[in-house]
file upload14.txt (compact mmCIF, C-alpha atoms)
# COMPACT_ATOMS: atom_id res chain seq x y z
CA MET S 1 143.89 4.37 61.45
CA GLU S 2 141.00 4.98 63.82
CA LYS S 3 138.11 2.60 63.26
CA ARG S 4 134.78 4.27 62.56
CA THR S 5 131.94 3.44 64.91
CA ASP S 6 128.22 3.45 64.32
CA ALA S 7 128.09 6.77 66.18
CA ASN S 8 130.03 8.36 63.29
CA ILE S 9 127.48 7.24 60.72
CA PRO S 10 124.21 9.18 60.36
CA SER S 11 120.99 7.25 60.63
CA HIS S 12 119.44 6.15 57.32
CA GLU S 13 116.10 7.41 58.62
CA GLU S 14 117.43 10.91 59.22
CA PRO S 15 116.30 13.31 56.46
CA THR S 16 119.29 14.57 54.49
CA ALA S 17 119.86 17.20 51.84
CA ALA S 18 121.37 14.53 49.62
CA LEU S 19 118.19 12.46 49.59
CA GLU S 20 116.00 15.51 49.11
CA PHE S 21 118.05 16.50 46.08
CA PHE S 22 117.77 12.94 44.76
CA ASP S 23 113.98 12.99 45.16
CA GLN S 24 113.64 16.42 43.56
CA SER S 25 115.73 15.28 40.61
CA LEU S 26 113.58 12.19 40.11
CA LEU S 27 110.44 14.32 40.12
CA LEU S 28 111.88 16.53 37.41
CA LEU S 29 112.94 13.54 35.33
CA GLU S 30 109.44 12.10 35.56
CA ARG S 31 107.96 15.45 34.57
CA LEU S 32 110.41 15.57 31.67
CA ARG S 33 109.17 12.18 30.48
CA LYS S 34 105.52 13.20 30.72
CA THR S 35 105.79 16.60 29.09
CA GLN S 36 108.77 16.52 26.72
CA ALA S 37 108.91 13.02 25.24
CA GLU S 38 107.04 14.05 22.10
CA VAL S 39 109.13 17.14 21.38
CA ILE S 40 112.35 15.21 22.11
CA GLN S 41 111.26 12.67 19.51
CA GLN S 42 110.61 15.53 17.06
CA ALA S 43 114.13 16.78 17.66
CA ALA S 44 115.55 13.29 17.13
CA ASN S 45 113.58 12.89 13.90
CA LEU S 46 115.08 16.13 12.63
CA CYS S 47 118.59 15.00 13.60
CA ALA S 48 118.15 11.59 11.97
CA ASP S 49 116.83 13.16 8.77
CA ARG S 50 119.72 15.64 8.54
CA ILE S 51 122.43 13.11 9.36
CA ALA S 52 120.97 10.56 6.94
CA ARG S 53 121.29 13.20 4.19
CA GLY S 54 124.96 13.74 5.01
CA GLY S 55 124.42 16.74 7.25
CA LEU S 56 125.81 17.57 10.66
CA VAL S 57 124.04 18.59 13.85
CA PHE S 58 126.09 21.13 15.80
CA LEU S 59 125.72 21.50 19.54
CA PHE S 60 126.59 24.82 21.14
CA GLY S 61 126.49 25.89 24.74
CA ASN S 62 128.67 28.29 26.68
CA GLY S 63 129.68 27.97 30.30
CA HIS S 64 128.43 24.86 32.01
CA SER S 65 126.21 23.98 29.03
CA ARG S 66 129.39 23.04 27.19
CA MET S 67 129.30 19.79 29.19
CA LEU S 68 126.09 18.72 27.49
CA CYS S 69 127.62 19.27 24.06
CA GLU S 70 130.36 16.84 25.00
CA GLU S 71 127.83 14.48 26.53
CA MET S 72 126.61 13.97 22.97
CA THR S 73 130.05 13.63 21.42
CA PRO S 74 132.69 12.35 21.92
CA ARG S 75 131.09 9.84 24.26
CA GLN S 76 130.79 6.07 24.33
CA GLY S 77 127.86 5.15 22.12
CA CYS S 78 128.08 8.32 20.04
CA PHE S 79 128.33 8.31 16.26
CA PRO S 80 129.29 10.68 13.42
CA GLY S 81 126.77 13.37 12.60
CA PHE S 82 126.93 15.34 15.83
CA VAL S 83 129.59 18.02 16.37
CA ALA S 84 130.33 19.65 19.72
CA LEU S 85 131.01 23.29 18.87
CA VAL S 86 132.92 24.28 21.99
CA GLU S 87 134.46 27.74 22.20
CA TRP S 88 137.10 27.57 24.94
CA ALA S 89 137.00 31.28 25.73
CA LEU S 90 133.37 30.83 26.81
CA SER S 91 133.79 27.54 28.64
CA ASN S 92 137.30 27.07 30.01
CA HIS S 93 136.87 28.74 33.40
CA ALA S 94 137.84 26.05 35.92
CA ALA S 95 140.43 28.43 37.39
CA ILE S 96 137.53 30.69 38.53
CA VAL S 97 139.85 33.66 39.26
CA GLY S 98 142.97 34.87 37.50
CA ALA S 99 143.83 33.96 33.91
CA ASN S 100 141.11 31.94 32.15
CA GLY S 101 138.80 32.56 35.07
CA LEU S 102 135.05 33.00 35.30
CA ARG S 103 134.87 36.78 34.93
CA PRO S 104 136.03 37.04 31.28
CA ALA S 105 133.89 34.08 30.21
CA LEU S 106 130.77 35.63 31.74
CA HIS S 107 131.63 38.93 30.08
CA LEU S 108 131.98 37.36 26.64
CA GLU S 109 128.57 35.71 26.95
CA ASN S 110 127.09 39.21 26.77
CA TYR S 111 129.25 40.45 23.90
CA GLU S 112 127.09 40.95 20.82
CA GLY S 113 128.68 39.89 17.55
CA TYR S 114 130.86 37.17 19.09
CA ALA S 115 128.67 34.28 17.95
CA GLU S 116 128.86 35.46 14.34
CA GLN S 117 132.64 35.28 14.45
CA ILE S 118 132.39 31.66 15.59
CA LEU S 119 129.92 30.80 12.84
CA ARG S 120 132.10 32.38 10.16
CA GLY S 121 134.74 29.72 10.84
CA PHE S 122 132.62 27.07 9.12
CA ARG S 123 131.06 26.46 5.73
CA PHE S 124 127.76 24.92 6.71
CA GLY S 125 125.88 22.59 4.40
CA LYS S 126 122.22 22.67 3.41
CA ASN S 127 121.47 19.61 5.56
CA ASP S 128 123.14 20.83 8.75
CA ALA S 129 121.25 21.78 11.92
CA PHE S 130 121.91 23.22 15.37
CA ILE S 131 121.18 22.34 18.97
CA VAL S 132 121.70 25.37 21.23
CA ILE S 133 121.78 24.70 24.97
CA SER S 134 121.25 27.32 27.66
CA THR S 135 119.18 26.95 30.81
CA SER S 136 118.59 30.70 31.08
CA GLY S 137 118.24 31.21 27.33
CA ILE S 138 118.91 34.95 27.51
CA ARG S 139 122.63 35.55 26.96
CA PRO S 140 123.44 37.34 23.68
CA VAL S 141 125.91 34.69 22.53
CA VAL S 142 123.33 31.87 22.56
CA VAL S 143 120.61 34.09 21.11
CA GLU S 144 122.88 35.17 18.26
CA MET S 145 124.11 31.60 17.71
CA ALA S 146 120.53 30.53 17.10
CA MET S 147 119.77 33.59 15.00
CA GLY S 148 122.92 33.10 12.93
CA ALA S 149 122.13 29.44 12.29
CA ARG S 150 118.61 30.25 11.12
CA GLN S 151 119.89 33.06 8.89
CA ARG S 152 122.00 30.38 7.20
CA GLY S 153 118.90 28.25 6.65
CA LEU S 154 119.63 25.75 9.43
CA PRO S 155 116.88 24.61 11.80
CA VAL S 156 117.53 25.17 15.51
CA ILE S 157 116.65 22.97 18.45
CA ALA S 158 116.84 24.77 21.80
CA ILE S 159 117.26 23.07 25.17
CA LEU S 160 116.40 25.53 27.93
CA SER S 161 114.36 26.17 31.04
CA LYS S 162 111.09 27.75 29.97
CA ALA S 163 110.44 28.89 33.53
CA HIS S 164 113.73 30.80 33.66
CA CYS S 165 113.72 32.03 30.06
CA GLU S 166 110.20 33.39 30.27
CA GLN S 167 110.69 35.14 33.62
CA ALA S 168 114.11 36.66 32.95
CA GLU S 169 114.60 39.88 31.01
CA ALA S 170 116.19 39.61 27.59
CA ALA S 171 119.90 40.53 27.58
CA HIS S 172 120.15 40.95 23.80
CA SER S 173 119.51 44.38 22.31
CA SER S 174 116.85 42.90 19.99
CA GLY S 175 114.76 41.92 23.00
CA LYS S 176 114.81 38.31 21.83
CA LYS S 177 115.57 35.23 23.89
CA LEU S 178 116.62 31.76 22.79
CA VAL S 179 113.02 30.57 23.01
CA ASP S 180 112.16 33.12 20.30
CA CYS S 181 114.87 31.90 17.92
CA ALA S 182 114.30 28.14 17.79
CA ASP S 183 112.22 25.84 15.62
CA ILE S 184 111.94 23.18 18.33
CA VAL S 185 112.08 24.01 22.05
CA ILE S 186 112.77 21.37 24.70
CA ASP S 187 112.08 22.42 28.29
CA ASN S 188 114.65 20.96 30.69
CA GLN S 189 112.16 21.50 33.56
CA CYS S 190 114.63 23.43 35.71
CA PRO S 191 113.32 26.19 37.97
CA PRO S 192 114.60 29.76 37.61
CA GLY S 193 118.17 29.75 38.85
CA ASP S 194 118.52 26.00 38.23
CA CYS S 195 118.87 24.99 41.91
CA VAL S 196 116.14 23.04 43.73
CA LEU S 197 117.36 22.77 47.31
CA HIS S 198 116.73 25.47 49.92
CA LEU S 199 118.63 25.02 53.16
CA GLY S 200 117.86 26.90 56.34
CA GLY S 201 120.50 29.44 57.25
CA VAL S 202 121.57 30.35 53.72
CA HIS S 203 119.81 32.74 51.34
CA TRP S 204 120.74 31.19 47.99
CA PRO S 205 119.61 27.68 46.98
CA THR S 206 121.93 24.85 45.94
CA GLY S 207 121.48 21.61 44.04
CA PRO S 208 121.50 22.53 40.32
CA VAL S 209 119.58 20.04 38.19
CA SER S 210 120.19 21.14 34.59
CA THR S 211 123.07 18.67 34.26
CA ILE S 212 120.77 15.80 35.20
CA THR S 213 117.77 16.67 33.05
CA GLY S 214 119.99 18.00 30.28
CA ALA S 215 122.05 14.81 30.07
CA MET S 216 118.82 12.81 29.96
CA ILE S 217 117.55 14.93 27.06
CA ILE S 218 120.84 14.60 25.17
CA ASN S 219 120.92 10.84 25.53
CA MET S 220 117.26 10.47 24.60
CA ILE S 221 117.97 12.45 21.42
CA ARG S 222 121.06 10.34 20.72
CA CYS S 223 119.28 7.01 21.14
CA ALA S 224 116.21 8.07 19.16
CA THR S 225 118.42 9.47 16.39
CA ALA S 226 120.30 6.16 16.11
CA GLU S 227 116.96 4.39 15.90
CA GLY S 228 115.82 6.84 13.23
CA LEU S 229 118.96 6.31 11.17
CA LEU S 230 118.44 2.56 11.24
CA ARG S 231 114.86 3.04 10.04
CA ARG S 232 116.29 5.03 7.14
CA GLY S 233 118.72 2.26 6.25
CA LYS S 234 121.75 4.06 7.69
CA VAL S 235 123.83 2.12 10.20
CA PRO S 236 125.63 4.55 12.55
CA THR S 237 129.29 3.89 13.30
CA LEU S 238 129.30 3.87 17.09
CA LEU S 239 132.20 4.85 19.31
CA PRO S 240 132.94 1.82 21.53
CA SER S 241 134.35 1.92 25.00
CA HIS S 242 138.12 2.05 24.72
CA GLN S 243 138.50 0.58 28.21
CA TYR S 244 138.45 -2.98 26.95
CA VAL S 245 142.20 -3.52 27.15
CA GLY S 246 143.43 -5.90 24.48
CA ASN S 247 140.04 -6.19 22.79
CA VAL S 248 140.95 -6.31 19.10
CA GLN S 249 137.36 -5.82 17.95
CA SER S 250 136.99 -2.70 20.09
CA GLY S 251 140.22 -1.28 18.68
CA ALA S 252 139.09 -1.84 15.11
CA GLN S 253 135.72 -0.22 15.83
CA LEU S 254 137.47 2.80 17.35
CA GLU S 255 139.50 3.27 14.16
CA ALA S 256 136.34 2.89 12.06
CA PHE S 257 134.68 5.61 14.15
CA TYR S 258 137.61 7.99 13.69
CA GLU S 259 137.51 7.52 9.91
CA ALA S 260 133.73 7.87 9.66
CA TYR S 261 133.84 11.03 11.77
CA ARG S 262 136.63 12.51 9.64
CA LYS S 263 134.64 11.92 6.46
CA SER S 264 131.47 13.42 7.99
CA LEU S 265 133.21 16.80 8.38
CA ALA S 266 134.37 17.08 4.77
CA HIS S 267 131.84 19.65 3.56
CA LEU S 268 132.73 22.13 6.30
CA PHE S 269 136.11 22.90 4.77
CA GLU S 270 135.52 22.48 1.05

call {"tool": "encode", "arguments": {"input": "upload14.txt", "output": "structure tokens"}}
result
Amino acid sequence: MEKRTDANIPSHEEPTAALEFFDQSLLLLERLRKTQAEVIQQAANLCADRIARGGLVFLFGNGHSRMLCEEMTPRQGCFPGFVALVEWALSNHAAIVGANGLRPALHLENYEGYAEQILRGFRFGKNDAFIVISTSGIRPVVVEMAMGARQRGLPVIAILSKAHCEQAEAAHSSGKKLVDCADIVIDNQCPPGDCVLHLGGVHWPTGPVSTITGAMIINMIRCATAEGLLRRGKVPTLLPSHQYVGNVQSGAQLEAFYEAYRKSLAHLFE
């Protein structure tokens, strides 16, 4: 194998797109802390209150936003009370083209009435709530998911980009956007189009940041909710890391998590 020389390695002082993206992301995270900490705490208080009463907090997001639902649960450090409502037809598009590609998923996002069919698969309880995630906040499926939850008496927390949602035209026939259908709105600070890096020689920007700020928001809500449950005298059953090979205590905790999660879903199917 040919040995790499210093000539093959770029200078650390040379400006790079990677470092610019890193810096831009840090700026957005700092802005998130300054402007959204209070509303994130409000969202966590709502989640803690609902879960403490035996309710569930559903997370819904189509397309890439599905990742943030699963960032909440199942994830090391998660606990019963949160449910990732993932509809594969809207999210399973890794093939890009062909069967299960991107085209049909993008088409379904705009299909009015689809969210209601998803919601009808559950029997929601009076203490349940929803977190709906969409950076654009304009697709009919996320708008109707929020509308359908509120029609059932469930409060809705929206995680979106206010800059994008406010500038973009509504895609739903009602003229409403996600920002219009939520009780609590958390701004993920992303610019319209999500990407922050403009490179010379190409028209479209790159460097999407909604994953970074969105994951921060999700984990802030998770941690603050756990804290809120403890204040209410409810000890959450946390999912441990299952990577501790041979750790008997970790194995027992994993089984305890499975059982607690199973019991938390009981009212959905009664």

call {"tool": "closest_atom_pairs", "arguments": {"input": "upload14.txt", "of": "stretch 193-227 of chain S", "to": "stretch 160-170 of chain S", "cutoff": "10 Å", "atoms": "all atoms listed in the file", "output": "Markdown table"}}
result
| residue | atom | partner | partner_atom | distance |
| --- | --- | --- | --- | --- |
| S:Gly193 | CA | S:His164 | CA | 6.9 |
| S:Asp194 | CA | S:His164 | CA | 8.2 |
| S:Ser210 | CA | S:Ser161 | CA | 8.5 |
| S:Gly214 | CA | S:Leu160 | CA | 8.7 |

call {"tool": "atom_distance", "arguments": {"input": "upload14.txt", "atom1": "atom CA of S:Leu19", "atom2": "atom CA of S:Gln76"}}
result
28.9 Å

call {"tool": "closest_residue", "arguments": {"input": "upload14.txt", "among": "S:Gln253, S:Ser241, S:Thr135, S:Ser264", "to": "S:Ala158", "atoms": "all atoms listed in the file"}}
result
S:Thr135

call {"tool": "closest_residue", "arguments": {"input": "upload14.txt", "among": "S:Pro155, S:Pro15, S:Met220, S:Gly125", "to": "S:Phe269", "atoms": "all atoms listed in the file"}}
result
S:Gly125

call {"tool": "atom_distance", "arguments": {"input": "upload14.txt", "atom1": "atom CA of S:Gly77", "atom2": "atom CA of S:Glu227"}}
result
12.6 Å

call {"tool": "atom_distance", "arguments": {"input": "upload14.txt", "atom1": "atom CA of S:Gly233", "atom2": "atom CA of S:Ile218"}}
result
22.7 Å

call {"tool": "residues_around", "arguments": {"input": "upload14.txt", "residues": "S:Leu265", "least_positions_apart": "2", "cutoff": "10 Å", "atoms": "all atoms listed in the file", "output": "MDAnalysis selection string"}}
result
chainID S and resid 54:56 80:83 124 260:263 267:270

call {"tool": "closest_residue", "arguments": {"input": "upload14.txt", "among": "S:Ala95, S:Val156, S:Leu90, S:Leu68", "to": "S:His107", "atoms": "all atoms listed in the file"}}
result
S:Leu90

call {"tool": "closest_residue", "arguments": {"input": "upload14.txt", "among": "S:Leu108, S:Ile157, S:Ala48, S:Val143", "to": "S:Lys177", "atoms": "only C-alpha atoms"}}
result
S:Val143

call {"tool": "closest_residue", "arguments": {"input": "upload14.txt", "among": "S:Ser134, S:Gly63, S:Phe22, S:Gln151", "to": "S:Ala94", "atoms": "all atoms listed in the file"}}
result
S:Gly63

call {"tool": "axis_aligned_box", "arguments": {"input": "upload14.txt", "around": "stretch 21-26 of chain S", "padding_each_side": "8 Å", "output": "JSON"}}
result
{"center_x": 115.8, "center_y": 14.3, "center_z": 43.1, "size_x": 20.5, "size_y": 20.3, "size_z": 22.0}

call {"tool": "closest_residue", "arguments": {"input": "upload14.txt", "among": "S:Ile217, S:Ile51, S:Ala84, S:Leu59", "to": "S:Val142", "atoms": "all atoms listed in the file"}}
result
S:Leu59

call {"tool": "residues_around", "arguments": {"input": "upload14.txt", "residues": "S:Leu32", "least_positions_apart": "4", "cutoff": "8 Å", "atoms": "all atoms listed in the file", "output": "list in words"}}
result
Leu28, Gln36, Ala37, Asp187, Asn188, Gln189 and Thr213 of chain S

call {"tool": "residues_near_point", "arguments": {"input": "upload14.txt", "point": "(129.1, 18.9, 27.9)", "cutoff": "12 Å", "atoms": "all atoms listed in the file", "output": "number ranges by chain"}}
result
S: 59-75, 83-87, 91-92, 132-134, 210-212, 214-215, 218-219

call {"tool": "residues_around", "arguments": {"input": "upload14.txt", "residues": "S:His172", "least_positions_apart": "6", "cutoff": "8 Å", "atoms": "only C-alpha atoms", "output": "list in words"}}
result
Asn110, Glu112, Ile138, Arg139, Pro140 and Val143 of chain S

call {"tool": "build_atoms", "arguments": {"input": "upload14.txt", "residues": "stretch 200-211 of chain S", "atoms": "all heavy atoms", "output": "short mmCIF file (atom, residue, chain, number, x, y, z; two decimals), in the coordinates of the input"}}
result
data_model
loop_
_atom_site.label_atom_id
_atom_site.label_comp_id
_atom_site.auth_asym_id
_atom_site.auth_seq_id
_atom_site.Cartn_x
_atom_site.Cartn_y
_atom_site.Cartn_z
N GLY S 200 118.00 25.87 55.32
CA GLY S 200 117.86 26.90 56.34
C GLY S 200 119.21 27.47 56.72
O GLY S 200 120.18 26.74 56.89
N GLY S 201 119.26 28.81 56.85
CA GLY S 201 120.50 29.44 57.25
C GLY S 201 121.30 30.02 56.10
O GLY S 201 122.33 30.66 56.34
N VAL S 202 120.86 29.78 54.86
CA VAL S 202 121.57 30.35 53.72
C VAL S 202 120.53 30.90 52.74
O VAL S 202 119.49 30.28 52.51
CB VAL S 202 122.49 29.30 53.04
CG1 VAL S 202 121.70 28.12 52.51
CG2 VAL S 202 123.31 29.93 51.92
N HIS S 203 120.80 32.07 52.18
CA HIS S 203 119.81 32.74 51.34
C HIS S 203 119.66 32.07 49.97
O HIS S 203 118.54 31.90 49.49
CB HIS S 203 120.21 34.21 51.14
CG HIS S 203 119.32 34.95 50.20
ND1 HIS S 203 118.02 35.32 50.53
CD2 HIS S 203 119.52 35.39 48.92
CE1 HIS S 203 117.47 35.95 49.50
NE2 HIS S 203 118.35 36.01 48.52
N TRP S 204 120.79 31.71 49.35
CA TRP S 204 120.74 31.19 47.99
C TRP S 204 120.57 29.68 47.99
O TRP S 204 121.14 28.98 48.83
CB TRP S 204 122.02 31.57 47.24
CG TRP S 204 122.18 33.05 47.08
CD1 TRP S 204 122.97 33.87 47.82
CD2 TRP S 204 121.49 33.88 46.15
NE1 TRP S 204 122.84 35.17 47.42
CE2 TRP S 204 121.93 35.21 46.38
CE3 TRP S 204 120.55 33.65 45.14
CZ2 TRP S 204 121.47 36.29 45.64
CZ3 TRP S 204 120.10 34.72 44.40
CH2 TRP S 204 120.54 36.02 44.65
N PRO S 205 119.80 29.13 47.04
CA PRO S 205 119.61 27.68 46.98
C PRO S 205 120.82 26.98 46.38
O PRO S 205 121.69 27.61 45.77
CB PRO S 205 118.40 27.53 46.06
CG PRO S 205 118.48 28.72 45.14
CD PRO S 205 119.02 29.85 46.00
N THR S 206 120.87 25.68 46.54
CA THR S 206 121.93 24.85 45.94
C THR S 206 121.24 23.66 45.25
O THR S 206 120.03 23.56 45.23
CB THR S 206 122.95 24.40 46.99
OG1 THR S 206 124.03 23.72 46.33
CG2 THR S 206 122.33 23.47 48.03
N GLY S 207 122.05 22.77 44.71
CA GLY S 207 121.48 21.61 44.04
C GLY S 207 121.00 21.89 42.62
O GLY S 207 119.82 21.74 42.32
N PRO S 208 121.90 22.28 41.70
CA PRO S 208 121.50 22.53 40.32
C PRO S 208 121.13 21.22 39.62
O PRO S 208 121.78 20.20 39.82
CB PRO S 208 122.75 23.16 39.69
CG PRO S 208 123.89 22.64 40.51
CD PRO S 208 123.36 22.51 41.90
N VAL S 209 120.09 21.28 38.80
CA VAL S 209 119.58 20.04 38.19
C VAL S 209 119.69 20.03 36.67
O VAL S 209 119.35 19.02 36.04
CB VAL S 209 118.11 19.80 38.60
CG1 VAL S 209 118.02 19.34 40.03
CG2 VAL S 209 117.27 21.05 38.37
N SER S 210 120.15 21.11 36.06
CA SER S 210 120.19 21.14 34.59
C SER S 210 121.13 20.10 34.01
O SER S 210 120.92 19.63 32.88
CB SER S 210 120.59 22.53 34.10
OG SER S 210 121.87 22.91 34.57
N THR S 211 122.17 19.72 34.74
CA THR S 211 123.07 18.67 34.26
C THR S 211 122.32 17.35 34.17
O THR S 211 122.50 16.59 33.21
CB THR S 211 124.26 18.50 35.21
OG1 THR S 211 124.83 19.77 35.48
CG2 THR S 211 125.32 17.60 34.59
#
